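Trainee: Dropping a structure here in structure tokens format, bear with me for questions.
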Amino acid sequence: MGELALPTIHVTGGRIIDPARGIDQVGDLWIRRGRIVPTGSVSDEAEIVIDARGKIVCPGLVDLHVHLREPGNEEDETIATGGASALAGGVTTVACMPNTIPPIDTQAAAEFVVLQGRRARQANVYPVGAVSKGRKGQELAALGQLVAGGAVAFTDDGAPVADAGLMRRALEYSKMFDLVIMQHCQVPELTVGGVMNEGFESMRLGLGGMPAAAEDIMVARDIRLAEITGGRLHIQHISTARSVELVREGKARGIKVTAEACPHHFSLTDESLRAFDSNFKMNPPLRTADDVAAVIEGLKDGTIEVLATDHAPHAREKKMRELDQAPFGIVGLETLIPITVKCLIEPGHLTWPEAVRKLTINPAELLHIPKGTLRPDADADVTIIDATTTWTIDPSQFRSKSKNSPYAGWEVRGRAHTVIVGGEVRYTLGGIVQNGVDSPR
Amino acid sequence: MTTTSPVAPDSDSRATAPADSDADSEPSSTAWTRKHLLGLEELSRDEIIAILDTAESFAEVSDRSRKKVPALQGRIVFNLFFENSTRTRTSFSLAAKRLSADTQDFTASVSSLSKGETFIDTAKNIEAMGADVMVVRHPTPGAPHLLAQHVSSSIINAGDGAHEHPTQGLLDLMTIRQAKGRIEGLTVGLVGDIAHSRVARSNIQGLLKLGAKVVVCGPPTLVPRGMERLGCEVAYRLEDVLPRCDVVNVLRIHFERQQGGLFPSVGEYSQFYMMTQDRVRMAKPDLLLLAPGPINRGVELTPEVADGVNSAILQQVKNGLAVRMAVLYLLSGKMDARP
């Protein structure tokens with residue numbers, strides 16, 4: 001759709017939350033030709049009117065940690081289905097991990113992701129490039145060419161950059177682009193044969209353990225490497241109490257370290273594995289109640305500035321295996337809002353504006369992308385959230401190609417009601433007035 | 001727990017209803033309700049005692065000249081073994097045959113698993129062949145639990161990785177109760193590779209529920225942390241605990257489940273943990289010595305000890321048959337009726 005063909009949209013009476021500008025007030029929002037425009041500046045009639053009374057209107061959510069599986073594992077997800085899943089979860093922008101087949105370690109590969117994202121016309125898709133060639137952890141990938149191809153960060157996610165020397169070089173070299181190295185922190189030698197968190201539960205179940213220390217040790221190492229290099233380190237899916245403490249200390253010492261937490265790490269514990277259900281198998285694994293409490297504390301005090309899903313789709317036949325054979329990971333995009341509501345907002349750990357900040361402007365600024373705010377002239381990426389209606393999570397209804405969710409059957413509140421990307425309504429549960437007529441769903 | 005006499009249908013029977021006179025046992029009105037036997041963790045004390053009592057009455061069947069009862073006539077018991085086993089599989093087969101069931105073995109090595117079929121598909125095929133019971137052994141913890149969710153047959157866990165081996169736990173309990181007349185108040189030492197042992201976990205669950213004190217003993221690399229939280233005492237030196245033990249269960253080293261490098265050498269292991277005559281002499285004179293087998297003579301225990309007066313290894317094998325008959329019999333009441 002050309003810019004001139006984009007409709008004028010009037011979102012009426014919603015609770016507008018825009019943490020980037022410190023706004024939390026009931027009001028109207030106008031969108032014209034793909035951009036946010038100041039209220040009062042539009043004289044013509046809106047072609048689309050969205051009644052947002054009783055709903056939250058916020059910048060489109062930004063998820064900087066998703067796996068879209070394309071190219072190579074299209075049986076799990078594609079950029080189109082993952083993008084659709086994002087929209088259904090209220091996420092308008094995703095940064096996708098490079099652990100595809102082949103990995104995103106060249107300019108051409110990054111450009112392919114960008115192109116597929118444009119073709120799909122779902123969520124905005126930004127590629128994250130690999131740190132090392134082939135994600136083999138040996139030599140630096142062509143980071144500069146990746147940037148030219150559209151990469152917004154670097155990671156070998158799925159695996160850590162285990163070699164301290166390479167990690168140091170990556171943190172140093174990436175400074176010239178001012179982009180973050182995202183690290184999946186885990187000392188590989190300590191997690192061989194691991195299926196779940198090492199502790200009382202793994203002992204009881206006889207399952208191979210992954211000790212919290214495996215994460216803590218690498219977090220400590222990499223914070224120190226960020227310190228000596230001045231590079232930007234981002235700790236992915238932080239899951240242990242000690243890691244949260246280390247990030248807190250690092251920040252206090254002025255080191256450029258940021259962190260993200262995933263809903264499963266603040267909503268579930270390793271006790272879930274008693275069901276031997278591979279939908280509770282992820283990496284880093286579900287930890288203990290103490291770790292969950294520490295992650296929540298880190299979110300509250302700002303140690304962890306980003307909420308991300310680590311959306312990791314796997315086809316049913318792969319997950320329906322013995323626990324040690326099944327791959328790690330769960331889908332997360334379509335449960336991001338409700339689990340955040342249930343486990344952070346409703347218990348009073350975060351206010352809505354605090355949660356929205358970690359879902360919008362914080363990840364956008366971390367990636368240096370022009371997203372995450374409703375400032376006039378910003379890209380019109382808007383998520384309208386129904387925060388009050390109770391619904392039941394049913395993975396069979398997900399738009400993601402994969403259904404590997406641990407939250408099936410949960411009674412929750414909070415879901416995306418209408419999602420606008422680039423000034424275009426791309427997802428809605430209904431209730432939109434278009435040219436004076438109720439639009440079909 | 002009331003269970004009808006499993007052996008009554010045999011006109012030759014000398015047996016009556018399962019003895020309910022055991023000191024550990026309290027009569028209960030609950031009938032057997034479970035369709036699967038997945039572990040001792042989920043069983044109550046009463047349920048465990050019900051199995052042991054039923055097993056006692058079946059032990060008698062084994063002593064008869066005609067060893068068969070018709071309890072499972074027309075039923076099909078499949079042995080699904082995704083891991084090597086001879087004695088457990090044979091024991092289950094024999095137990096099923098003595099109950100007049102038809103039995104069929106399925107071993108992973110000759111299956112289509114190598115062709116990429118998932119083990120759930122395999123089990124569904126076997127279900128389609130009319131299996132009433134699947135006796136499942138698998139290297140992955142929880143694999144039988146997964147099958148229980150996907151097929152309608154009764155599932156008996158015959159060992160899932162390092163998780164549980166409930167019939168082994170039950171036969172150990174039965175052997176201890178026969179030898180000592182009780183379980184409550186006894187001190188039982190589990191020695192060796194606790195970390196990788198499903199026998200250890202089933203023993204711990206059963207023994208603690210029946211009121212025994214459990215001491216786990218092995219090198220710290222083979223004794224996972226957190227055992228105390230289960231209610232066990234942890235020791236690293238065998239000599240420290242042997243004098244207090246009424247029973248010692250010597251566990252096999254599971255080389256196949258280890259990452260390697262957990263102790264310097266087999267020789268050094270034996271030096272610290274092998275049950276020798278000298279060590280037996282440090283224990284109570286009536287020490288009962290168990291070993292789940294297959295035993296590594298000269299690693300976990302010496303031949304003299306294995307064959308000595310304290311050893312109940314062959315009695316364990318015998319009781320294994322009775323326990324498996326009891327389990328099959330109790331579950332048969334919950335099997336799906338077939339047209």
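Here, A, B, ... name the chains of the structure tokens in the order displayed, residue numbers run from 1 inside each chain, and ligands are numbered from 1 in the same displayed order.
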How close does each residue of chain B get to chain A, giving the shortest atom pair and distance in Å to one decimal for every residue with an atom at most 9 Å away, counting only C-alpha atoms, sorted by chain and residue number, as CSV?
Mentor:
```
residue,atom,partner,partner_atom,distance
B:Thr118,CA,A:Arg321,CA,7.0
B:Phe119,CA,A:Arg321,CA,7.6
B:Ile120,CA,A:Arg321,CA,7.5
B:Thr140,CA,A:Glu322,CA,6.3
B:Pro141,CA,A:Leu207,CA,6.3
B:Gly142,CA,A:Phe276,CA,5.4
B:Ala143,CA,A:Glu322,CA,5.6
B:His145,CA,A:Phe276,CA,7.2
B:Leu146,CA,A:Phe276,CA,7.0
B:Asp160,CA,A:Gly206,CA,8.8
B:Gly161,CA,A:Gly206,CA,6.9
B:Ala162,CA,A:Gly206,CA,4.5
B:His163,CA,A:Gly206,CA,4.3
B:Glu164,CA,A:Gly206,CA,8.0
B:Ala195,CA,A:Met203,CA,7.4
B:His196,CA,A:Gly206,CA,7.0
B:Ser197,CA,A:Gly206,CA,7.9
B:Arg198,CA,A:Gly206,CA,7.3
B:Arg201,CA,A:Arg204,CA,7.3
B:Pro224,CA,A:Met203,CA,6.4
B:Arg225,CA,A:Gly199,CA,7.2
B:Gly226,CA,A:Phe200,CA,5.2
B:Met227,CA,A:Phe200,CA,7.7
B:Arg229,CA,A:Phe200,CA,7.7
B:Leu230,CA,A:Arg204,CA,8.3
B:Gln259,CA,A:Gly193,CA,7.8
```
Trainee: Give me, as a PyMOL selection string, the residues of segment 165-407 of chain A that a backbone DSSP run labels strand (DSSP E or B).
Mentor: chain A and resi 181-183+196-197+209-210+233-235+257-261+306-307+311+379+382-392
Trainee: With a distance cut-off of 6 Å and only C-alpha atoms, select the neighbouring residues of segment 37-50 of chain B, excluding the residue or stretch itself and same-chain residues fewer than 6 positions from it, and output the selection as a list in words.
Mentor: Ile156, Asn157, Glu164, Pro166, Ser202, Gln205 and Lys209 of chain B
Trainee: Applying 9 Å and only C-alpha atoms, which residues near Glu424 of chain A remain after dropping the ones on its own chain fewer than 2 positions away? List them as a ChimeraX atom specification.
Mentor: /A:1,6-7,9,33-34,380-381,419-422,426
Trainee: How would the residues just chosen look if you wrote them out with N, CA and C atoms as a PDB file, in the first residue's frame?
Mentor:
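Saved result, again-v2.pdb, follows:
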```pdb
ATOM      1  N   MET A   1       0.853  -1.191   0.000  1.00  0.00           N
ATOM      2  CA  MET A   1       0.000   0.000   0.000  1.00  0.00           C
ATOM      3  C   MET A   1       0.885   1.235   0.000  1.00  0.00           C
ATOM      4  N   LEU A   6      -2.804   4.972   2.433  1.00  0.00           N
ATOM      5  CA  LEU A   6      -3.037   4.546   3.817  1.00  0.00           C
ATOM      6  C   LEU A   6      -4.166   5.365   4.432  1.00  0.00           C
ATOM      7  N   PRO A   7      -5.009   4.707   5.226  1.00  0.00           N
ATOM      8  CA  PRO A   7      -6.188   5.396   5.740  1.00  0.00           C
ATOM      9  C   PRO A   7      -5.849   6.343   6.894  1.00  0.00           C
ATOM     10  N   ILE A   9      -6.836   7.098  10.522  1.00  0.00           N
ATOM     11  CA  ILE A   9      -7.421   6.268  11.584  1.00  0.00           C
ATOM     12  C   ILE A   9      -7.598   7.126  12.832  1.00  0.00           C
ATOM     13  N   ARG A  33      -1.589   8.600   6.954  1.00  0.00           N
ATOM     14  CA  ARG A  33      -0.530   8.220   6.006  1.00  0.00           C
ATOM     15  C   ARG A  33       0.648   7.522   6.699  1.00  0.00           C
ATOM     16  N   GLY A  34       0.289   6.592   7.579  1.00  0.00           N
ATOM     17  CA  GLY A  34       1.317   5.744   8.183  1.00  0.00           C
ATOM     18  C   GLY A  34       2.048   6.350   9.352  1.00  0.00           C
ATOM     19  N   ALA A 380       3.390   4.684  12.574  1.00  0.00           N
ATOM     20  CA  ALA A 380       2.136   4.376  13.265  1.00  0.00           C
ATOM     21  C   ALA A 380       2.021   2.881  13.543  1.00  0.00           C
ATOM     22  N   ASP A 381       2.813   2.416  14.510  1.00  0.00           N
ATOM     23  CA  ASP A 381       2.711   1.054  15.018  1.00  0.00           C
ATOM     24  C   ASP A 381       2.028   1.169  16.370  1.00  0.00           C
ATOM     25  N   VAL A 419      -4.314  -4.258  16.212  1.00  0.00           N
ATOM     26  CA  VAL A 419      -2.895  -3.967  16.027  1.00  0.00           C
ATOM     27  C   VAL A 419      -2.694  -3.255  14.688  1.00  0.00           C
ATOM     28  N   ILE A 420      -2.040  -2.121  14.778  1.00  0.00           N
ATOM     29  CA  ILE A 420      -1.791  -1.296  13.596  1.00  0.00           C
ATOM     30  C   ILE A 420      -0.285  -1.284  13.328  1.00  0.00           C
ATOM     31  N   VAL A 421       0.077  -1.563  12.092  1.00  0.00           N
ATOM     32  CA  VAL A 421       1.488  -1.530  11.713  1.00  0.00           C
ATOM     33  C   VAL A 421       1.643  -0.576  10.527  1.00  0.00           C
ATOM     34  N   GLY A 422       2.465   0.408  10.695  1.00  0.00           N
ATOM     35  CA  GLY A 422       2.709   1.355   9.609  1.00  0.00           C
ATOM     36  C   GLY A 422       1.445   2.028   9.119  1.00  0.00           C
ATOM     37  N   ARG A 426      -3.667  -4.379  10.869  1.00  0.00           N
ATOM     38  CA  ARG A 426      -3.267  -5.705  10.378  1.00  0.00           C
ATOM     39  C   ARG A 426      -3.827  -6.843  11.227  1.00  0.00           C
TER      40      ARG A 426
END
```
Trainee: To test your reading of the structure, identify every residue in segment 151-265 of chain B that backbone DSSP assigns to alpha helix (DSSP H), and report it as a ChimeraX atom specification.
Mentor: /B:166-180,198-209,227-230,238-241
Trainee: Next, write the just-selected residues to a file, as a JSON list (two decimals), in the first residue's frame, keeping N, CA and C atoms as the atom set.
Mentor:
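Final output, saved to again_9.json:
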```json
[["chain", "number", "residue", "atom", "x", "y", "z"],
["B", 166, "PRO", "N", 9.81, -49.08, 39.61],
["B", 166, "PRO", "CA", 8.95, -49.41, 40.75],
["B", 166, "PRO", "C", 8.90, -50.88, 41.12],
["B", 167, "THR", "N", 8.89, -51.79, 40.14],
["B", 167, "THR", "CA", 8.79, -53.20, 40.54],
["B", 167, "THR", "C", 10.08, -53.67, 41.23],
["B", 168, "GLN", "N", 11.21, -53.06, 40.86],
["B", 168, "GLN", "CA", 12.45, -53.38, 41.58],
["B", 168, "GLN", "C", 12.36, -52.87, 43.01],
["B", 169, "GLY", "N", 11.85, -51.66, 43.17],
["B", 169, "GLY", "CA", 11.68, -51.11, 44.52],
["B", 169, "GLY", "C", 10.76, -52.00, 45.34],
["B", 170, "LEU", "N", 9.69, -52.46, 44.73],
["B", 170, "LEU", "CA", 8.72, -53.30, 45.44],
["B", 170, "LEU", "C", 9.32, -54.65, 45.82],
["B", 171, "LEU", "N", 10.10, -55.23, 44.92],
["B", 171, "LEU", "CA", 10.68, -56.54, 45.24],
["B", 171, "LEU", "C", 11.76, -56.40, 46.31],
["B", 172, "ASP", "N", 12.43, -55.27, 46.34],
["B", 172, "ASP", "CA", 13.39, -55.03, 47.42],
["B", 172, "ASP", "C", 12.64, -54.91, 48.75],
["B", 173, "LEU", "N", 11.53, -54.18, 48.73],
["B", 173, "LEU", "CA", 10.73, -54.04, 49.95],
["B", 173, "LEU", "C", 10.22, -55.41, 50.42],
["B", 174, "MET", "N", 9.78, -56.19, 49.47],
["B", 174, "MET", "CA", 9.24, -57.51, 49.80],
["B", 174, "MET", "C", 10.32, -58.39, 50.42],
["B", 175, "THR", "N", 11.51, -58.33, 49.84],
["B", 175, "THR", "CA", 12.62, -59.15, 50.34],
["B", 175, "THR", "C", 13.02, -58.72, 51.74],
["B", 176, "ILE", "N", 13.04, -57.40, 51.96],
["B", 176, "ILE", "CA", 13.39, -56.90, 53.30],
["B", 176, "ILE", "C", 12.33, -57.33, 54.30],
["B", 177, "ARG", "N", 11.06, -57.19, 53.92],
["B", 177, "ARG", "CA", 9.98, -57.51, 54.85],
["B", 177, "ARG", "C", 9.98, -59.01, 55.20],
["B", 178, "GLN", "N", 10.29, -59.84, 54.19],
["B", 178, "GLN", "CA", 10.36, -61.28, 54.47],
["B", 178, "GLN", "C", 11.48, -61.61, 55.44],
["B", 179, "ALA", "N", 12.64, -60.97, 55.22],
["B", 179, "ALA", "CA", 13.81, -61.33, 56.02],
["B", 179, "ALA", "C", 13.74, -60.74, 57.42],
["B", 180, "LYS", "N", 13.19, -59.52, 57.51],
["B", 180, "LYS", "CA", 13.24, -58.83, 58.80],
["B", 180, "LYS", "C", 11.88, -58.81, 59.51],
["B", 198, "ARG", "N", 17.84, -45.56, 39.05],
["B", 198, "ARG", "CA", 16.38, -45.55, 39.24],
["B", 198, "ARG", "C", 16.00, -46.46, 40.40],
["B", 199, "VAL", "N", 16.83, -47.49, 40.64],
["B", 199, "VAL", "CA", 16.55, -48.38, 41.76],
["B", 199, "VAL", "C", 16.65, -47.59, 43.07],
["B", 200, "ALA", "N", 17.64, -46.71, 43.13],
["B", 200, "ALA", "CA", 17.78, -45.88, 44.34],
["B", 200, "ALA", "C", 16.54, -45.04, 44.57],
["B", 201, "ARG", "N", 16.05, -44.40, 43.51],
["B", 201, "ARG", "CA", 14.91, -43.50, 43.69],
["B", 201, "ARG", "C", 13.65, -44.27, 44.09],
["B", 202, "SER", "N", 13.42, -45.43, 43.48],
["B", 202, "SER", "CA", 12.23, -46.20, 43.87],
["B", 202, "SER", "C", 12.39, -46.75, 45.29],
["B", 203, "ASN", "N", 13.61, -47.17, 45.63],
["B", 203, "ASN", "CA", 13.85, -47.63, 46.99],
["B", 203, "ASN", "C", 13.58, -46.53, 48.01],
["B", 204, "ILE", "N", 14.11, -45.37, 47.72],
["B", 204, "ILE", "CA", 13.95, -44.25, 48.67],
["B", 204, "ILE", "C", 12.47, -43.95, 48.89],
["B", 205, "GLN", "N", 11.72, -43.85, 47.78],
["B", 205, "GLN", "CA", 10.29, -43.54, 47.91],
["B", 205, "GLN", "C", 9.57, -44.60, 48.74],
["B", 206, "GLY", "N", 9.82, -45.86, 48.40],
["B", 206, "GLY", "CA", 9.12, -46.95, 49.10],
["B", 206, "GLY", "C", 9.53, -47.07, 50.55],
["B", 207, "LEU", "N", 10.83, -47.03, 50.79],
["B", 207, "LEU", "CA", 11.35, -47.23, 52.15],
["B", 207, "LEU", "C", 10.89, -46.11, 53.08],
["B", 208, "LEU", "N", 10.95, -44.88, 52.59],
["B", 208, "LEU", "CA", 10.55, -43.76, 53.46],
["B", 208, "LEU", "C", 9.05, -43.84, 53.77],
["B", 209, "LYS", "N", 8.27, -44.22, 52.77],
["B", 209, "LYS", "CA", 6.82, -44.31, 53.00],
["B", 209, "LYS", "C", 6.49, -45.40, 54.01],
["B", 227, "MET", "N", 19.53, -34.76, 48.33],
["B", 227, "MET", "CA", 19.02, -36.03, 48.84],
["B", 227, "MET", "C", 18.46, -35.87, 50.26],
["B", 228, "GLU", "N", 19.09, -35.00, 51.04],
["B", 228, "GLU", "CA", 18.63, -34.78, 52.41],
["B", 228, "GLU", "C", 17.19, -34.28, 52.42],
["B", 229, "ARG", "N", 16.89, -33.44, 51.41],
["B", 229, "ARG", "CA", 15.53, -32.88, 51.37],
["B", 229, "ARG", "C", 14.47, -33.94, 51.13],
["B", 230, "LEU", "N", 14.89, -35.06, 50.53],
["B", 230, "LEU", "CA", 13.95, -36.16, 50.36],
["B", 230, "LEU", "C", 13.72, -36.89, 51.68],
["B", 238, "LEU", "N", 31.69, -45.42, 53.53],
["B", 238, "LEU", "CA", 30.90, -46.61, 53.82],
["B", 238, "LEU", "C", 31.11, -47.05, 55.28],
["B", 239, "GLU", "N", 32.35, -46.97, 55.74],
["B", 239, "GLU", "CA", 32.68, -47.44, 57.08],
["B", 239, "GLU", "C", 31.89, -46.67, 58.15],
["B", 240, "ASP", "N", 31.54, -45.40, 57.82],
["B", 240, "ASP", "CA", 30.83, -44.60, 58.81],
["B", 240, "ASP", "C", 29.40, -45.09, 59.04],
["B", 241, "VAL", "N", 28.82, -45.70, 58.02],
["B", 241, "VAL", "CA", 27.40, -46.04, 58.14],
["B", 241, "VAL", "C", 27.14, -47.53, 58.28]]
```
Trainee: Excluding segment 93-99 of chain B and any residue of its chain fewer than 4 positions from it, enumerate the residues within 12 Å of it, using only C-alpha atoms, and give them as a ChimeraX atom specification.
Mentor: /B:6-7,9-10,55,58-59,61-62,64,66-80,86-89,103-106,132-135,158,167,317-332
Trainee: Write out as a list in words the residues lying within 6 Å of segment 164-177 of chain A, counting only C-alpha atoms and excluding same-chain residues fewer than 4 positions away.
Mentor: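 Neighbouring residues, sequence-local ones excluded: Leu225, Thr229 and Gly231 of chain A.
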Trainee: Restricting the output to N, CA and C atoms, write the selected residues as a PDB file, in the first residue's frame.
Mentor:
```pdb
ATOM      1  N   LEU A 225      34.178  -8.602  30.582  1.00  0.00           N
ATOM      2  CA  LEU A 225      34.670  -8.336  29.226  1.00  0.00           C
ATOM      3  C   LEU A 225      34.064  -7.047  28.664  1.00  0.00           C
ATOM      4  N   THR A 229      36.306  -3.742  27.524  1.00  0.00           N
ATOM      5  CA  THR A 229      36.230  -3.346  26.113  1.00  0.00           C
ATOM      6  C   THR A 229      35.401  -2.084  25.900  1.00  0.00           C
ATOM      7  N   GLY A 231      32.376  -2.339  25.248  1.00  0.00           N
ATOM      8  CA  GLY A 231      31.324  -2.793  24.337  1.00  0.00           C
ATOM      9  C   GLY A 231      29.989  -2.900  25.053  1.00  0.00           C
TER      10      GLY A 231
END
```
Trainee: Neighbouring residues of Glu83 of chain B were defined as those with any atom within 8 Å, considering only C-alpha atoms; residues of the same chain fewer than 2 positions away were excluded. Please report them as a list in words.
Mentor: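 Once the adjacent positions are removed, what remains is Phe81, Ser85, Thr107, Ala108, Arg137, His138 and Pro139 of chain B.
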